[in-house]
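Trainee: Structure file coords.txt, compact mmCIF, C-alpha atoms, is pasted below:
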```
# COMPACT_ATOMS: atom_id res chain seq x y z
CA MET U 231 64.08 85.69 96.96
CA GLY U 232 60.51 86.89 96.48
CA CYS U 233 61.65 90.29 95.42
CA CYS U 234 58.33 91.39 93.90
CA TYR U 235 57.48 92.54 97.41
CA TYR U 236 60.53 93.48 99.43
CA GLN U 237 60.03 94.78 102.96
CA VAL U 238 62.26 97.63 104.03
CA ALA U 239 62.53 99.16 107.48
CA LEU U 240 62.11 102.92 107.41
CA GLY U 241 62.39 103.92 111.03
CA ARG U 242 64.17 107.10 109.88
CA ALA U 243 62.93 107.22 106.32
CA PRO U 244 62.55 110.29 104.10
CA PRO U 245 59.67 112.57 105.12
CA SER U 246 57.44 111.37 102.27
CA MET U 247 57.51 107.87 103.77
CA MET U 248 57.22 108.64 107.46
CA ALA U 249 53.50 107.94 107.53
CA ASN U 250 54.24 104.23 107.85
CA SER U 251 57.07 102.70 109.88
CA TRP U 252 57.10 99.77 107.44
CA VAL U 253 56.44 99.87 103.73
CA VAL U 254 56.35 97.25 101.02
CA ALA U 255 58.30 98.40 97.99
CA ARG U 256 57.05 97.13 94.67
CA ALA U 257 60.11 95.89 92.81
CA GLU U 258 58.73 96.43 89.32
CA GLN U 259 55.28 97.13 87.97
CA ARG U 260 55.60 97.88 84.26
CA PRO U 261 59.22 97.28 83.27
CA VAL U 262 60.29 99.17 80.21
CA ALA U 263 62.67 97.55 77.73
CA PRO U 264 66.04 99.26 77.42
CA PRO U 265 66.71 101.24 74.26
CA PRO U 266 68.01 99.06 71.40
CA ASP U 267 71.32 100.95 71.19
CA LEU U 268 72.11 100.21 74.86
CA PRO U 269 72.44 96.42 75.06
CA PHE U 270 71.84 94.58 78.32
CA ASP U 271 74.15 91.61 78.87
CA ARG U 272 72.05 89.22 80.91
CA THR U 273 74.60 86.41 80.71
CA LEU U 274 77.32 88.26 82.63
CA LEU U 275 75.21 89.20 85.64
CA GLY U 276 74.50 85.62 86.63
CA GLY U 277 76.87 84.41 89.32
CA GLY U 278 75.83 80.77 89.52
CA SER U 279 73.83 77.93 88.08
CA PHE U 280 70.37 79.50 88.09
CA SER U 281 68.38 79.38 84.85
CA ALA U 282 69.37 81.99 82.28
CA SER U 283 65.68 82.85 81.88
CA ARG U 284 65.27 83.71 85.55
CA ARG U 285 64.71 87.39 86.34
CA ARG U 286 67.63 88.67 88.36
CA ASP U 287 67.10 90.19 91.80
CA LEU U 288 69.13 93.37 92.17
CA VAL U 289 68.97 94.83 95.68
CA PHE U 290 69.74 98.56 95.86
CA VAL U 291 70.70 99.60 99.39
CA VAL U 292 70.00 103.32 99.76
CA ASN U 293 70.91 105.57 102.67
CA PRO U 294 68.11 108.18 102.41
CA ARG U 295 69.86 110.54 104.83
CA GLY U 296 73.24 110.33 103.14
CA ALA U 297 74.91 113.61 102.17
CA ASN U 298 72.28 115.53 104.18
CA GLY U 299 69.43 114.04 102.17
CA LYS U 300 71.05 114.61 98.78
CA THR U 301 71.38 110.85 98.23
CA TRP U 302 67.62 110.40 98.55
CA LYS U 303 66.86 113.24 96.12
CA GLU U 304 69.33 111.99 93.52
CA TRP U 305 68.06 108.43 93.89
CA LYS U 306 64.50 109.54 93.11
CA LYS U 307 65.75 111.28 89.96
CA LEU U 308 67.78 108.25 88.90
CA LEU U 309 65.12 105.60 89.54
CA PRO U 310 63.03 106.04 86.34
CA TYR U 311 66.13 105.64 84.16
CA LEU U 312 67.34 102.69 86.22
CA ARG U 313 63.98 100.95 85.85
CA SER U 314 63.86 101.55 82.12
CA ARG U 315 67.43 100.33 81.71
CA LEU U 316 67.32 97.23 83.91
CA GLY U 317 63.66 96.42 84.45
CA LYS U 318 63.14 94.07 81.52
CA HIS U 319 65.48 91.41 82.89
CA CYS U 320 65.74 92.28 86.59
CA ASN U 321 63.64 92.79 89.68
CA ILE U 322 64.56 96.21 91.05
CA CYS U 323 64.50 95.86 94.84
CA GLU U 324 64.83 99.09 96.81
CA SER U 325 65.85 98.88 100.44
CA PHE U 326 66.26 102.00 102.58
CA THR U 327 68.49 102.02 105.62
CA SER U 328 67.11 103.23 108.93
CA GLY U 329 70.30 103.58 110.98
CA PRO U 330 73.85 102.37 111.58
CA SER U 331 74.66 98.81 110.41
CA HIS U 332 71.24 98.39 108.76
CA ALA U 333 72.90 98.17 105.33
CA THR U 334 74.98 95.27 106.68
CA ASP U 335 71.87 93.40 107.84
CA ILE U 336 70.07 94.01 104.53
CA THR U 337 73.05 92.71 102.58
CA ARG U 338 73.34 89.49 104.60
CA GLU U 339 69.66 88.72 104.21
CA SER U 340 69.76 89.48 100.48
CA ILE U 341 72.71 87.15 99.89
CA ARG U 342 71.09 84.36 101.88
CA GLU U 343 67.95 84.70 99.77
CA GLY U 344 69.85 84.50 96.49
CA ALA U 345 70.15 88.10 95.26
CA ASP U 346 72.17 88.35 92.07
CA ALA U 347 73.78 91.59 93.26
CA VAL U 348 73.68 93.98 96.19
CA ILE U 349 74.36 97.53 95.06
CA ALA U 350 75.41 100.23 97.53
CA VAL U 351 73.75 103.55 96.69
CA GLY U 352 75.55 106.38 98.47
CA GLY U 353 79.04 107.17 99.66
CA ASP U 354 81.90 105.16 101.06
CA GLY U 355 80.10 104.75 104.38
CA THR U 356 77.21 102.87 102.78
CA LEU U 357 79.61 100.80 100.66
CA HIS U 358 81.57 99.95 103.81
CA GLU U 359 78.46 98.62 105.56
CA VAL U 360 77.40 96.62 102.51
CA VAL U 361 80.84 95.00 102.25
CA ASN U 362 80.63 93.95 105.90
CA GLY U 363 77.31 92.30 105.07
CA PHE U 364 79.13 89.87 102.78
CA PHE U 365 80.63 88.24 105.90
CA TRP U 366 79.35 86.70 109.10
CA ALA U 367 81.28 85.11 111.99
CA GLY U 368 84.53 85.28 110.02
CA LYS U 369 83.18 83.59 106.89
CA PRO U 370 81.56 84.75 103.63
CA VAL U 371 77.77 84.76 103.67
CA THR U 372 76.30 82.29 101.16
CA TYR U 373 72.99 81.52 99.49
CA GLN U 374 70.87 79.47 101.89
CA ASP U 375 70.28 76.73 99.28
CA THR U 376 73.57 74.91 99.87
CA ALA U 377 72.88 72.56 96.95
CA THR U 378 73.24 75.48 94.50
CA SER U 379 76.56 77.05 93.61
CA TYR U 380 75.83 80.76 93.52
CA SER U 381 77.58 84.03 94.33
CA THR U 382 76.15 87.49 94.90
CA ALA U 383 78.05 90.37 93.31
CA LEU U 384 78.81 93.75 94.84
CA GLY U 385 77.86 96.93 92.98
CA LEU U 386 78.16 100.66 93.58
CA ILE U 387 76.20 103.75 92.56
CA PRO U 388 78.16 106.67 94.07
CA LEU U 389 75.79 109.32 95.42
CA GLY U 390 77.25 110.31 98.78
CA THR U 391 79.69 112.77 100.33
CA GLY U 392 82.77 110.87 99.25
CA SER U 393 83.35 108.20 96.61
CA ASP U 394 87.00 107.43 97.18
CA PHE U 395 86.73 103.76 96.26
CA ALA U 396 85.26 104.65 92.86
CA ARG U 397 88.32 106.81 92.15
CA THR U 398 90.64 103.80 92.29
CA PHE U 399 88.86 102.34 89.26
CA GLY U 400 88.69 105.69 87.49
CA TRP U 401 84.91 105.77 87.73
CA LYS U 402 83.23 109.13 87.38
CA ASN U 403 80.96 110.31 90.16
CA ASP U 404 78.07 109.80 87.74
CA PRO U 405 75.15 107.55 88.73
CA TYR U 406 74.10 107.05 85.11
CA ASP U 407 77.53 105.63 84.28
CA ALA U 408 77.09 103.33 87.27
CA VAL U 409 73.78 102.06 85.89
CA GLU U 410 75.54 101.25 82.63
CA ARG U 411 78.14 99.22 84.50
CA ILE U 412 75.35 97.27 86.17
CA ALA U 413 73.62 96.75 82.81
CA LYS U 414 76.81 95.36 81.27
CA GLY U 415 77.18 93.16 84.33
CA GLN U 416 80.87 92.42 83.99
CA ARG U 417 82.39 91.01 87.18
CA SER U 418 85.88 90.69 88.55
CA GLN U 419 87.16 89.37 91.85
CA ILE U 420 88.51 91.89 94.33
CA ASP U 421 90.33 91.72 97.64
CA VAL U 422 88.91 92.75 101.01
CA GLY U 423 90.81 93.71 104.15
CA VAL U 424 89.91 92.24 107.53
CA ILE U 425 90.74 93.83 110.88
CA GLY U 426 90.91 91.88 114.10
CA ARG U 427 91.50 92.42 117.79
CA GLU U 428 91.41 89.96 120.65
CA ASN U 429 87.88 89.31 121.97
CA GLU U 430 86.27 91.51 119.29
CA GLU U 431 84.36 90.75 116.10
CA LEU U 432 86.20 90.92 112.81
CA HIS U 433 85.68 94.02 110.71
CA TYR U 434 86.07 94.29 106.93
CA PHE U 435 87.15 97.13 104.68
CA LEU U 436 87.39 97.70 100.95
CA ASN U 437 89.30 100.95 100.66
CA VAL U 438 91.83 102.24 103.24
CA ALA U 439 92.34 101.59 106.95
CA ASP U 440 94.41 104.17 108.82
CA ILE U 441 95.87 104.85 112.22
CA HIS U 442 96.64 107.86 114.43
CA LEU U 443 96.35 111.42 113.05
CA SER U 444 94.42 110.65 109.85
CA ALA U 445 92.06 108.35 111.75
CA LYS U 446 91.49 111.00 114.40
CA ALA U 447 90.82 113.55 111.65
CA GLY U 448 88.29 111.16 110.10
CA TYR U 449 86.59 110.74 113.47
CA TYR U 450 86.15 114.50 113.83
CA ALA U 451 85.26 114.94 110.14
CA SER U 452 82.16 112.79 110.66
CA ARG U 453 80.75 115.63 112.77
CA TYR U 454 80.94 118.05 109.83
CA LYS U 455 79.42 115.95 107.01
CA ARG U 456 76.89 118.72 106.35
CA PHE U 457 79.76 120.76 104.86
CA GLY U 458 80.54 118.17 102.17
CA ASN U 459 84.23 117.52 101.47
CA LEU U 460 85.15 120.48 103.67
CA CYS U 461 84.42 118.14 106.58
CA TYR U 462 87.87 116.61 106.04
CA VAL U 463 89.53 120.01 106.41
CA PHE U 464 87.62 120.77 109.62
CA GLY U 465 88.37 117.30 110.96
CA ALA U 466 92.10 117.67 110.29
CA LEU U 467 92.26 121.05 112.01
CA GLN U 468 90.57 119.66 115.10
CA ALA U 469 92.76 116.53 115.10
CA PHE U 470 95.95 118.63 115.17
CA ILE U 471 94.94 120.12 118.52
CA GLY U 472 96.94 118.24 121.13
CA HIS U 473 98.40 115.80 118.58
CA SER U 474 101.78 114.19 119.20
CA ASN U 475 103.63 111.64 117.07
CA GLN U 476 103.95 108.20 118.67
CA ASP U 477 106.34 105.24 118.54
CA PHE U 478 104.83 102.09 116.99
CA ARG U 479 105.73 98.43 116.80
CA ILE U 480 104.69 96.60 113.63
CA LYS U 481 104.88 92.99 112.53
CA VAL U 482 104.64 92.30 108.78
CA ASN U 483 103.52 88.93 107.36
CA GLY U 484 104.04 87.24 110.71
CA GLY U 485 107.73 88.19 110.91
CA GLU U 486 109.70 89.93 113.63
CA TRP U 487 108.54 93.07 115.43
CA GLU U 488 109.97 96.32 114.03
CA THR U 489 110.01 99.73 115.70
CA TYR U 490 108.88 102.87 113.88
CA PRO U 491 109.52 106.04 115.92
CA ARG U 492 107.49 109.24 115.83
CA VAL U 493 104.70 107.96 113.59
CA THR U 494 102.24 110.61 112.46
CA ALA U 495 99.94 108.32 110.46
CA LEU U 496 99.99 104.77 109.16
CA CYS U 497 97.73 103.92 106.21
CA ILE U 498 96.88 100.44 104.96
CA GLY U 499 95.55 100.59 101.41
CA ASN U 500 93.50 97.96 99.66
CA ALA U 501 92.64 100.79 97.26
CA LYS U 502 94.29 104.15 96.57
CA PHE U 503 92.22 107.07 97.89
CA PHE U 504 90.75 108.38 101.12
CA GLY U 505 89.76 111.67 102.74
CA GLY U 506 87.85 113.06 99.76
CA GLY U 507 90.35 112.37 96.99
CA MET U 508 93.72 112.07 98.74
CA LYS U 509 95.80 109.44 96.90
CA ILE U 510 97.41 108.18 100.08
CA THR U 511 98.38 104.65 98.94
CA PRO U 512 99.08 105.27 95.25
CA ASN U 513 100.36 101.76 94.46
CA ALA U 514 97.49 99.88 96.09
CA ASP U 515 95.46 97.57 93.85
CA PRO U 516 92.37 95.72 95.16
CA THR U 517 93.06 92.83 92.75
CA SER U 518 96.72 92.28 93.74
CA GLY U 519 96.37 90.18 96.90
CA ASN U 520 98.45 92.74 98.82
CA PHE U 521 98.04 95.91 100.85
CA GLU U 522 100.19 98.96 100.34
CA VAL U 523 101.26 100.33 103.73
CA VAL U 524 102.35 103.98 103.81
CA ILE U 525 103.89 105.39 107.00
CA LEU U 526 104.35 109.11 107.69
CA GLN U 527 106.87 109.85 110.44
CA ASP U 528 107.76 113.00 112.35
CA PHE U 529 105.40 115.25 110.39
CA LYS U 530 104.64 118.71 111.79
CA TRP U 531 101.50 120.69 111.09
CA TYR U 532 103.30 122.84 108.52
CA ASP U 533 104.48 119.71 106.64
CA PHE U 534 100.86 119.02 105.73
CA ILE U 535 100.39 122.56 104.47
CA PHE U 536 103.47 122.46 102.21
CA LYS U 537 103.08 118.84 101.11
CA LEU U 538 99.31 118.56 100.87
CA HIS U 539 99.37 118.72 97.07
CA LYS U 540 101.72 115.73 96.99
CA LEU U 541 99.38 113.74 99.24
CA TYR U 542 96.48 114.45 96.91
CA ASN U 543 98.25 113.62 93.67
CA GLY U 544 100.05 110.56 95.06
CA THR U 545 103.63 111.83 94.71
CA HIS U 546 104.40 111.92 98.45
CA LEU U 547 106.31 108.61 98.49
CA SER U 548 109.46 110.54 97.52
CA VAL U 549 109.07 112.90 100.48
CA LYS U 550 111.43 112.61 103.45
CA ASN U 551 110.00 110.56 106.35
CA VAL U 552 107.48 108.76 104.11
CA SER U 553 107.91 105.02 103.52
CA SER U 554 105.92 102.41 101.63
CA ARG U 555 105.84 98.62 101.56
CA SER U 556 103.69 95.82 100.18
CA VAL U 557 102.28 93.36 102.73
CA GLN U 558 99.69 90.60 103.09
CA SER U 559 99.25 91.18 106.83
CA ILE U 560 100.39 93.68 109.43
CA GLU U 561 100.03 93.98 113.21
CA VAL U 562 100.33 97.42 114.80
CA GLU U 563 100.87 98.33 118.46
CA GLU U 564 101.77 101.56 120.22
CA ILE U 565 104.81 101.33 122.46
CA SER U 566 103.53 103.75 125.10
CA GLY U 567 100.39 101.69 125.67
CA THR U 568 98.04 104.65 126.21
CA GLY U 569 95.16 102.97 124.38
CA SER U 570 94.29 106.27 122.74
CA ILE U 571 95.62 105.83 119.16
CA PHE U 572 92.66 106.08 116.76
CA VAL U 573 91.90 103.44 114.13
CA GLN U 574 89.42 103.77 111.28
CA SER U 575 88.59 101.97 108.05
CA ASP U 576 86.78 103.43 105.05
CA GLY U 577 86.15 106.54 107.15
CA GLU U 578 84.41 104.60 109.95
CA HIS U 579 85.81 104.86 113.49
CA LEU U 580 86.73 101.42 114.87
CA GLY U 581 88.34 102.25 118.19
CA PHE U 582 92.00 102.15 119.17
CA LEU U 583 95.22 100.14 118.83
CA PRO U 584 96.36 97.36 118.92
CA ARG U 585 94.96 95.84 115.71
CA LYS U 586 95.79 93.15 113.15
CA PHE U 587 95.12 93.68 109.43
CA ARG U 588 95.03 90.94 106.80
CA VAL U 589 94.10 90.84 103.12
CA LEU U 590 91.53 88.32 101.84
CA PRO U 591 92.43 87.84 98.16
CA SER U 592 89.70 87.65 95.49
CA VAL U 593 86.95 87.10 98.06
CA ILE U 594 84.16 89.23 96.49
CA GLU U 595 82.97 89.61 92.89
CA MET U 596 82.40 93.24 91.93
CA ILE U 597 80.43 94.65 89.01
CA HIS U 598 82.74 96.97 87.11
```
Since I need it in another form, could you write the structure as structure tokens?
Mentor:
Amino acid sequence: MGCCYYQVALGRAPPSMMANSWVVARAEQRPVAPPPDLPFDRTLLGGGSFSASRRRDLVFVVNPRGANGKTWKEWKKLLPYLRSRLGKHCNICESFTSGPSHATDITRESIREGADAVIAVGGDGTLHEVVNGFFWAGKPVTYQDTATSYSTALGLIPLGTGSDFARTFGWKNDPYDAVERIAKGQRSQIDVGVIGRENEELHYFLNVADIHLSAKAGYYASRYKRFGNLCYVFGALQAFIGHSNQDFRIKVNGGEWETYPRVTALCIGNAKFFGGGMKITPNADPTSGNFEVVILQDFKWYDFIFKLHKLYNGTHLSVKNVSSRSVQSIEVEEISGTGSIFVQSDGEHLGFLPRKFRVLPSVIEMIH
């Protein structure tokens, strides 16, 4: 991949880099061997038939403006340790995003050039963009040398506002722990959700897709990211203004249409958490080949106040007007046809109903 010199666009880079609109990031200059008591498993990182002696290209996709610049500051602190831990066997390729969807473009190019792993550095938003970079035109992106069987792994160093996906695996919000996972290099296959709508591009998600009130709250929460996890509280308060429950039609696994009246929120979980630690789909498992769909019906504003603790600890499935089911695919429409029911995935606003959701089993290898 030629990772010794890796170009990164920095149109909106950190202030220390604004002198040049383009920079060339040196992947490694003097790699330091990892300490002897912290073994590096070079055999597990390889995803294909490349030589075991080949230095691995690890592409770290960093959102320098994530968490109001906190991601950039923490990344600078982490980098010396990361280089000392991984630099003996890997090329450390830094790539800084310059705007929306840039992480997706970086990921696609890295996979096509044979990167061993693309690691999202930041919150769930950065991870979401990186996951979408694993696909193009409805198919997985592959290494451009078609004669070589090779797969690029997905990795995560949580440094952003929210790390809900990491919670599903029980990972601490600790970047040094994340470096150790990368050093061990163990991989497992995970599922990805895909969202479709007629005449629109497919969209992919790793964590939770949701509809109506929670999606509207997420849309407004994005305006308050500077307040950290409080943004979810502010977003929810704003979403309640003018909210009304709506009647939905759903079709599960290609079956018959079913009517669900007075829906407050419908959540489709590939993983368990969203909204800054809310365990909304507690039975979801991104290695199961299924979504968990949780539907809240006829909730009032005071229901959220009295039942919020249950939503956070994942015990809400026993609450009245809450239902759960396991599905491989689900189509959702609103009966009124207003075209104003919000849809989001992994905290990113996607537009409005109708939508189709489908699970892609074991489609990505993840470092864990």
Trainee: Nearest to Arg417 (chain U) among U:Val438, U:Cys320, U:Val573, U:Leu384, with distances taken over all atoms listed in the file: which residue is it?
Mentor: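 Of U:Val438, U:Cys320, U:Val573, U:Leu384, the one nearest Arg417 (chain U) is U:Leu384, counting all atoms listed in the file.
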Trainee: Quick one, how far is CA of Gly507 (chain U) from CA of Val463 (chain U)?
Mentor: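 Going from CA of Gly507 (chain U) over to CA of Val463 (chain U) covers 12.2 Å.
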Trainee: Tell me, as a ChimeraX atom specification, which residues lie within 12 Å of Val351 (chain U), counting all atoms listed in the file; anything in the same chain fewer than 6 positions away does not count.
Mentor: /U:289-297,300-306,308-309,324-327,333,357-360,384-393,403-405,408-409
Trainee: Phe504 (chain U): which residues within 8 Å, counting all atoms listed in the file, same-chain residues fewer than 6 positions away excluded, as a PyMOL selection string?
Mentor: chain U and resi 394-395+437-438+510+576-577
Trainee: Generate a file of the selected residues that holds C-alpha atoms, formatted as a PDB file, keeping the file's coordinate frame.
Mentor:
```pdb
ATOM      1  CA  ASP U 394      87.000 107.430  97.180  1.00  0.00           C
ATOM      2  CA  PHE U 395      86.730 103.760  96.260  1.00  0.00           C
ATOM      3  CA  ASN U 437      89.300 100.950 100.660  1.00  0.00           C
ATOM      4  CA  VAL U 438      91.830 102.240 103.240  1.00  0.00           C
ATOM      5  CA  ILE U 510      97.410 108.180 100.080  1.00  0.00           C
ATOM      6  CA  ASP U 576      86.780 103.430 105.050  1.00  0.00           C
ATOM      7  CA  GLY U 577      86.150 106.540 107.150  1.00  0.00           C
TER       8      GLY U 577
END
```
Trainee: Counting all atoms listed in the file, what is within 9 Å of region 367-373 of chain U, bar same-chain residues fewer than 6 positions away, as a VMD selection string?
Mentor: chain U and resid 338 340 to 345 379 to 382 431 to 433 593 to 594
Trainee: At a cut-off of 12 Å, using only C-alpha atoms, what residues contact Phe478 (chain U)? Leave out same-chain residues fewer than 6 positions from it and give the result as a ChimeraX atom specification.
Mentor: /U:441-442,487-496,525-527,561-568,571,583-585
